[in-house]
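Content type mmCIF, C-alpha atoms, from the file structure25.cif:
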data_work
loop_
_atom_site.label_atom_id
_atom_site.label_comp_id
_atom_site.auth_asym_id
_atom_site.auth_seq_id
_atom_site.Cartn_x
_atom_site.Cartn_y
_atom_site.Cartn_z
CA MET A 18 15.68 98.28 -120.23
CA VAL A 19 19.03 99.08 -121.85
CA SER A 20 22.08 98.13 -119.80
CA ASP A 21 25.53 99.61 -120.21
CA GLY A 22 26.98 96.50 -118.54
CA ILE A 23 27.49 98.16 -115.16
CA ASP A 24 25.38 95.45 -113.54
CA ARG A 25 28.11 92.93 -114.49
CA LEU A 26 31.08 95.06 -113.40
CA GLY A 27 31.88 93.15 -110.21
CA PHE A 28 31.60 89.78 -111.95
CA LEU A 29 33.81 90.94 -114.82
CA ILE A 30 36.51 92.31 -112.52
CA HIS A 31 36.43 89.10 -110.48
CA ASP A 32 36.56 86.87 -113.57
CA VAL A 33 39.45 88.80 -115.11
CA GLN A 34 41.40 88.65 -111.84
CA ARG A 35 40.71 84.91 -111.45
CA LEU A 36 41.67 84.07 -115.04
CA MET A 37 44.81 86.19 -114.94
CA ARG A 38 45.84 84.62 -111.63
CA LYS A 39 45.32 81.09 -113.04
CA ARG A 40 47.37 81.91 -116.14
CA PHE A 41 50.11 83.50 -114.06
CA GLU A 42 50.23 80.63 -111.55
CA ALA A 43 50.48 78.07 -114.34
CA ARG A 44 53.50 79.88 -115.79
CA ALA A 45 55.16 80.74 -112.48
CA SER A 46 54.80 77.24 -111.02
CA GLY A 47 58.39 76.40 -111.96
CA LEU A 48 59.69 78.96 -109.47
CA GLY A 49 58.70 76.75 -106.55
CA LEU A 50 56.54 79.39 -104.86
CA SER A 51 52.91 79.14 -103.82
CA SER A 52 50.57 81.96 -104.82
CA ALA A 53 50.69 83.29 -101.24
CA GLN A 54 54.50 83.26 -101.36
CA TRP A 55 54.78 85.11 -104.65
CA ARG A 56 52.24 87.68 -103.43
CA LEU A 57 54.45 88.24 -100.37
CA LEU A 58 57.57 88.38 -102.51
CA VAL A 59 56.03 91.05 -104.77
CA ARG A 60 54.95 93.14 -101.77
CA VAL A 61 58.41 92.99 -100.22
CA ALA A 62 60.00 93.83 -103.58
CA LYS A 63 57.87 96.96 -103.74
CA GLU A 64 58.68 97.90 -100.14
CA ASP A 65 61.96 96.21 -99.18
CA GLY A 66 62.47 96.39 -95.43
CA VAL A 67 58.75 96.35 -94.68
CA ALA A 68 57.73 95.54 -91.11
CA GLN A 69 56.20 92.09 -90.77
CA ALA A 70 53.03 93.54 -89.19
CA ARG A 71 52.64 95.97 -92.10
CA LEU A 72 53.05 93.08 -94.51
CA ALA A 73 50.05 91.36 -92.90
CA GLU A 74 48.00 94.51 -93.53
CA LEU A 75 49.14 94.80 -97.14
CA LEU A 76 48.38 91.14 -97.85
CA GLU A 77 45.10 91.29 -95.89
CA ILE A 78 45.92 88.18 -93.88
CA GLU A 79 46.35 87.53 -90.17
CA PRO A 80 49.76 88.31 -88.63
CA ILE A 81 50.21 84.68 -87.51
CA SER A 82 49.68 83.52 -91.11
CA VAL A 83 52.28 86.01 -92.34
CA SER A 84 54.66 84.79 -89.66
CA ARG A 85 54.33 81.18 -90.87
CA LEU A 86 54.65 82.26 -94.48
CA VAL A 87 57.78 84.28 -93.69
CA ASP A 88 59.19 81.30 -91.75
CA ARG A 89 58.83 79.04 -94.81
CA MET A 90 60.23 81.65 -97.18
CA GLU A 91 63.17 82.36 -94.89
CA GLU A 92 63.94 78.62 -94.71
CA GLY A 93 63.82 78.51 -98.52
CA GLY A 94 66.28 81.39 -98.82
CA TRP A 95 63.75 83.82 -100.35
CA ILE A 96 63.67 86.48 -97.66
CA GLU A 97 65.48 87.45 -94.51
CA ARG A 98 64.26 88.99 -91.28
CA ARG A 99 66.23 91.75 -89.60
CA PRO A 100 65.48 93.57 -86.38
CA ASP A 101 64.35 97.19 -86.70
CA ALA A 102 67.08 99.66 -85.81
CA THR A 103 64.86 101.53 -83.35
CA ASP A 104 62.58 98.80 -81.97
CA ARG A 105 63.95 95.29 -81.36
CA ARG A 106 60.41 93.86 -81.24
CA VAL A 107 59.79 94.82 -84.87
CA ARG A 108 61.00 92.47 -87.59
CA MET A 109 61.80 93.93 -90.99
CA ILE A 110 61.54 91.76 -94.11
CA PHE A 111 64.05 91.96 -96.97
CA LEU A 112 64.47 90.07 -100.23
CA THR A 113 67.50 87.89 -100.77
CA PRO A 114 69.37 87.94 -104.10
CA LYS A 115 67.55 84.69 -104.97
CA ALA A 116 64.19 86.43 -104.48
CA SER A 117 65.29 89.51 -106.43
CA GLU A 118 66.09 87.27 -109.42
CA ALA A 119 62.72 85.53 -109.07
CA TYR A 120 60.98 88.91 -108.89
CA ALA A 121 62.43 89.87 -112.27
CA VAL A 122 61.02 86.62 -113.72
CA ILE A 123 57.65 87.24 -112.01
CA LYS A 124 57.44 90.75 -113.50
CA SER A 125 58.17 89.36 -116.95
CA ILE A 126 55.53 86.64 -116.64
CA ALA A 127 52.99 89.14 -115.34
CA GLY A 128 53.72 91.44 -118.30
CA GLU A 129 53.10 88.58 -120.72
CA VAL A 130 49.81 87.71 -119.03
CA TYR A 131 48.71 91.37 -119.10
CA GLU A 132 49.49 91.63 -122.80
CA GLU A 133 47.61 88.39 -123.55
CA SER A 134 44.61 89.62 -121.60
CA LEU A 135 44.57 92.89 -123.57
CA VAL A 136 44.84 91.44 -127.09
CA GLY A 137 42.34 93.28 -129.26
CA VAL A 138 42.05 96.24 -126.87
CA LYS A 139 43.23 99.42 -128.60
CA PRO A 140 45.82 101.62 -126.85
CA GLU A 141 43.29 104.37 -126.11
CA ALA A 142 40.84 101.87 -124.61
CA ARG A 143 43.70 100.46 -122.48
CA ARG A 144 44.48 103.94 -121.17
CA VAL A 145 40.80 104.58 -120.36
CA LEU A 146 40.53 101.17 -118.66
CA ILE A 147 43.53 101.89 -116.42
CA GLU A 148 42.27 105.38 -115.61
CA GLY A 149 38.84 104.01 -114.73
CA LEU A 150 40.25 101.29 -112.49
CA GLU A 151 42.56 103.80 -110.77
CA ALA A 152 39.56 106.07 -110.12
CA MET A 153 37.65 103.12 -108.65
CA VAL A 154 40.57 102.37 -106.33
CA ARG A 155 40.71 105.99 -105.21
CA ASN A 156 36.94 106.03 -104.65
CA LEU A 157 37.02 102.87 -102.55
CA THR A 158 40.25 103.42 -100.61
CA ASP A 159 39.86 103.79 -96.84
CA ASP A 160 37.15 106.16 -95.71
CA GLU A 161 37.29 108.38 -98.75
CA THR A 162 33.86 107.45 -100.03
CA PRO A 163 32.89 110.08 -102.58
CA SER A 164 29.51 111.65 -102.14
CA ILE A 165 27.16 112.25 -105.06
CA GLU A 166 27.77 115.99 -104.60
CA LYS A 167 31.53 115.50 -104.85
CA VAL A 168 31.11 113.52 -108.07
CA LYS A 169 28.76 116.14 -109.51
CA ASN A 170 31.23 118.90 -108.59
CA THR A 171 34.03 117.00 -110.33
CA GLU A 172 31.87 116.51 -113.43
CA GLY A 173 30.86 120.15 -113.41
CA ALA A 174 34.48 121.27 -113.21
CA ALA A 175 35.31 119.17 -116.26
CA ALA A 176 32.54 120.71 -118.36
#
Have the structure of the file written as structure tokens, please.
Amino acid sequence: MVSDGIDRLGFLIHDVQRLMRKRFEARASGLGLSSAQWRLLVRVAKEDGVAQARLAELLEIEPISVSRLVDRMEEGGWIERRPDATDRRVRMIFLTPKASEAYAVIKSIAGEVYEESLVGVKPEARRVLIEGLEAMVRNLTDDETPSIEKVKNTEGAAA
């Protein structure tokens, strides 16, 4: 039986993610943030003023764990909590200038790791890889599971 490698897809995605995370963490260790903290920092940088409960959803961790994480990061001067303007029970999370500077460093390190991981991959193959991964995300996001008919209709429209 000839395999196009699809049977290894999950393992490859997992291995790439694990290896990239290890490389990133080794380089970012000087910032004084744990991997959970830099993940939170990146999420807040992308959505400054995010509600703490929403942050738990985005990070896929329990709200109590986010609360403890935010406590430690607030004590370290990385983020600040502010009450929501319309609901005092809701806590909004914002980056401090210290965290904004660290985010710029994190983005640079991540870019270096991405480039290292893609050495030998031609620009067209990179574009196809990104497009394929984006399609996978769309296919697996929420309850939008594509049916075989939907996929066939999409393929037919492209022909």
So, with all atoms listed in the file as the atoms that count, which of A:Gly149, A:Ile123, A:Val138, A:Phe28 lies closest to A:Ser52?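 Going through A:Gly149, A:Ile123, A:Val138, A:Phe28 one by one, the smallest distance to A:Ser52 is for A:Ile123.
Of the listed residues (A:Arg25, A:Ser46, A:Glu118, A:Gln34), A:Gln34 comes nearest to A:Tyr131; the distances count all atoms listed in the file.
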Quick one: distance from atom CA of A:Pro140 to atom CA of A:Ala127 in Å, one decimal?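 Those two atoms sit 18.4 Å apart.
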Could you tell me how far atom CA of A:Arg144 sits from atom CA of A:Ala119, in Å to one decimal place? 28.6 Å
Enumerate, as JSON, numbers by chain, the residues matched when the PyMOL selection byres ((chain A and resi 54) around 10) is run on the file above. {"A": [49, 50, 51, 52, 53, 55, 56, 57, 58, 59, 60, 83, 86, 87, 89, 90, 95]}
So which one's closest to A:Glu91, A:Gly66, A:Leu72, A:Ala116, A:Ile23? Using only C-alpha atoms, please.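 With only C-alpha atoms as the atom set, the closest residue is A:Ala116.
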A:Ala142, A:Ala45, A:Ile30, A:Asp21 ranked by distance to A:Tyr120, top pick (using all atoms listed in the file):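 Smallest distance to A:Tyr120 is found for A:Ala45.
When atom CA of A:Ala102 is paired with atom CA of A:Ala68, their separation reads 11.5 Å.
Minimum atom-to-atom distance to A:Thr113, evaluated using all atoms listed in the file, belongs to A:Glu92 out of A:Pro100, A:Glu92, A:Glu141, A:Asn156.
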Report as a VMD selection string the full result of the PyMOL selection byres ((chain A and resi 111) around 9) when it is applied to this structure. chain A and resid 61 to 62 64 to 67 95 to 99 109 to 110 112 to 113
Which one of A:Val107, A:Leu76, A:Leu135, A:Ile126 sits closest to A:Leu48 if you count only C-alpha atoms?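 Looking only at the distances to A:Leu48, the closest residue turns out to be A:Ile126.
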Residues near A:Ser84, anyone? I mean within 9 Å using all atoms listed in the file, not counting same-chain ones fewer than 6 positions away, as a ChimeraX atom specification. /A:69-70,73
Polymer residues at most 10 Å from A:Met37, only C-alpha atoms, same-chain spacing of 5 or more positions, as a VMD selection string: chain A and resid 31 to 32 42 to 43 127 130 to 131 133 to 134
Reconstruct stretch 48-59 of chain A at the level of all heavy atoms, and format the result as a short mmCIF file (atom, residue, chain, number, x, y, z; two decimals), in the frame of the given file.
data_model
loop_
_atom_site.label_atom_id
_atom_site.label_comp_id
_atom_site.auth_asym_id
_atom_site.auth_seq_id
_atom_site.Cartn_x
_atom_site.Cartn_y
_atom_site.Cartn_z
N LEU A 48 58.86 78.23 -110.42
CA LEU A 48 59.69 78.96 -109.47
C LEU A 48 59.70 78.31 -108.09
O LEU A 48 60.53 78.65 -107.25
CB LEU A 48 59.21 80.41 -109.34
CG LEU A 48 59.35 81.27 -110.58
CD1 LEU A 48 58.69 82.63 -110.37
CD2 LEU A 48 60.82 81.44 -110.93
N GLY A 49 58.75 77.42 -107.84
CA GLY A 49 58.70 76.75 -106.55
C GLY A 49 58.06 77.58 -105.45
O GLY A 49 58.32 77.35 -104.27
N LEU A 50 57.23 78.55 -105.83
CA LEU A 50 56.54 79.39 -104.86
C LEU A 50 55.03 79.17 -104.96
O LEU A 50 54.50 79.04 -106.05
CB LEU A 50 56.82 80.88 -105.12
CG LEU A 50 58.25 81.35 -104.91
CD1 LEU A 50 58.42 82.75 -105.46
CD2 LEU A 50 58.59 81.33 -103.44
N SER A 51 54.37 79.18 -103.82
CA SER A 51 52.91 79.14 -103.82
C SER A 51 52.40 80.53 -104.19
O SER A 51 53.16 81.51 -104.18
CB SER A 51 52.38 78.75 -102.44
OG SER A 51 52.62 79.80 -101.51
N SER A 52 51.12 80.65 -104.48
CA SER A 52 50.57 81.96 -104.82
C SER A 52 50.71 82.92 -103.64
O SER A 52 51.00 84.11 -103.82
CB SER A 52 49.11 81.85 -105.27
OG SER A 52 48.31 81.35 -104.25
N ALA A 53 50.53 82.43 -102.42
CA ALA A 53 50.69 83.29 -101.24
C ALA A 53 52.14 83.76 -101.13
O ALA A 53 52.40 84.92 -100.77
CB ALA A 53 50.28 82.54 -99.98
N GLN A 54 53.08 82.89 -101.45
CA GLN A 54 54.50 83.26 -101.36
C GLN A 54 54.88 84.28 -102.42
O GLN A 54 55.60 85.22 -102.13
CB GLN A 54 55.38 82.01 -101.46
CG GLN A 54 55.30 81.14 -100.23
CD GLN A 54 56.03 79.83 -100.40
OE1 GLN A 54 56.01 79.22 -101.48
NE2 GLN A 54 56.68 79.38 -99.34
N TRP A 55 54.40 84.11 -103.65
CA TRP A 55 54.78 85.11 -104.65
C TRP A 55 54.10 86.43 -104.39
O TRP A 55 54.65 87.48 -104.69
CB TRP A 55 54.65 84.62 -106.08
CG TRP A 55 53.32 84.25 -106.64
CD1 TRP A 55 52.85 83.00 -106.88
CD2 TRP A 55 52.28 85.14 -107.08
NE1 TRP A 55 51.59 83.06 -107.42
CE2 TRP A 55 51.22 84.36 -107.55
CE3 TRP A 55 52.13 86.52 -107.11
CZ2 TRP A 55 50.04 84.90 -108.05
CZ3 TRP A 55 50.95 87.07 -107.60
CH2 TRP A 55 49.93 86.26 -108.07
N ARG A 56 52.89 86.42 -103.81
CA ARG A 56 52.24 87.68 -103.43
C ARG A 56 53.10 88.40 -102.38
O ARG A 56 53.30 89.61 -102.45
CB ARG A 56 50.84 87.43 -102.87
CG ARG A 56 49.80 87.15 -103.93
CD ARG A 56 48.41 86.94 -103.37
NE ARG A 56 47.97 88.12 -102.63
CZ ARG A 56 47.39 88.07 -101.42
NH1 ARG A 56 47.16 86.93 -100.83
NH2 ARG A 56 47.02 89.18 -100.82
N LEU A 57 53.60 87.65 -101.40
CA LEU A 57 54.45 88.24 -100.37
C LEU A 57 55.74 88.76 -101.00
O LEU A 57 56.17 89.88 -100.71
CB LEU A 57 54.75 87.22 -99.28
CG LEU A 57 55.55 87.75 -98.09
CD1 LEU A 57 55.03 87.15 -96.79
CD2 LEU A 57 57.03 87.47 -98.23
N LEU A 58 56.33 87.98 -101.86
CA LEU A 58 57.57 88.38 -102.51
C LEU A 58 57.39 89.69 -103.28
O LEU A 58 58.22 90.60 -103.18
CB LEU A 58 58.03 87.27 -103.45
CG LEU A 58 59.41 87.43 -104.07
CD1 LEU A 58 60.10 86.08 -104.20
CD2 LEU A 58 59.33 88.08 -105.42
N VAL A 59 56.29 89.82 -104.00
CA VAL A 59 56.03 91.05 -104.77
C VAL A 59 55.86 92.24 -103.83
O VAL A 59 56.40 93.32 -104.08
CB VAL A 59 54.81 90.87 -105.69
CG1 VAL A 59 54.34 92.20 -106.26
CG2 VAL A 59 55.14 89.89 -106.82
#
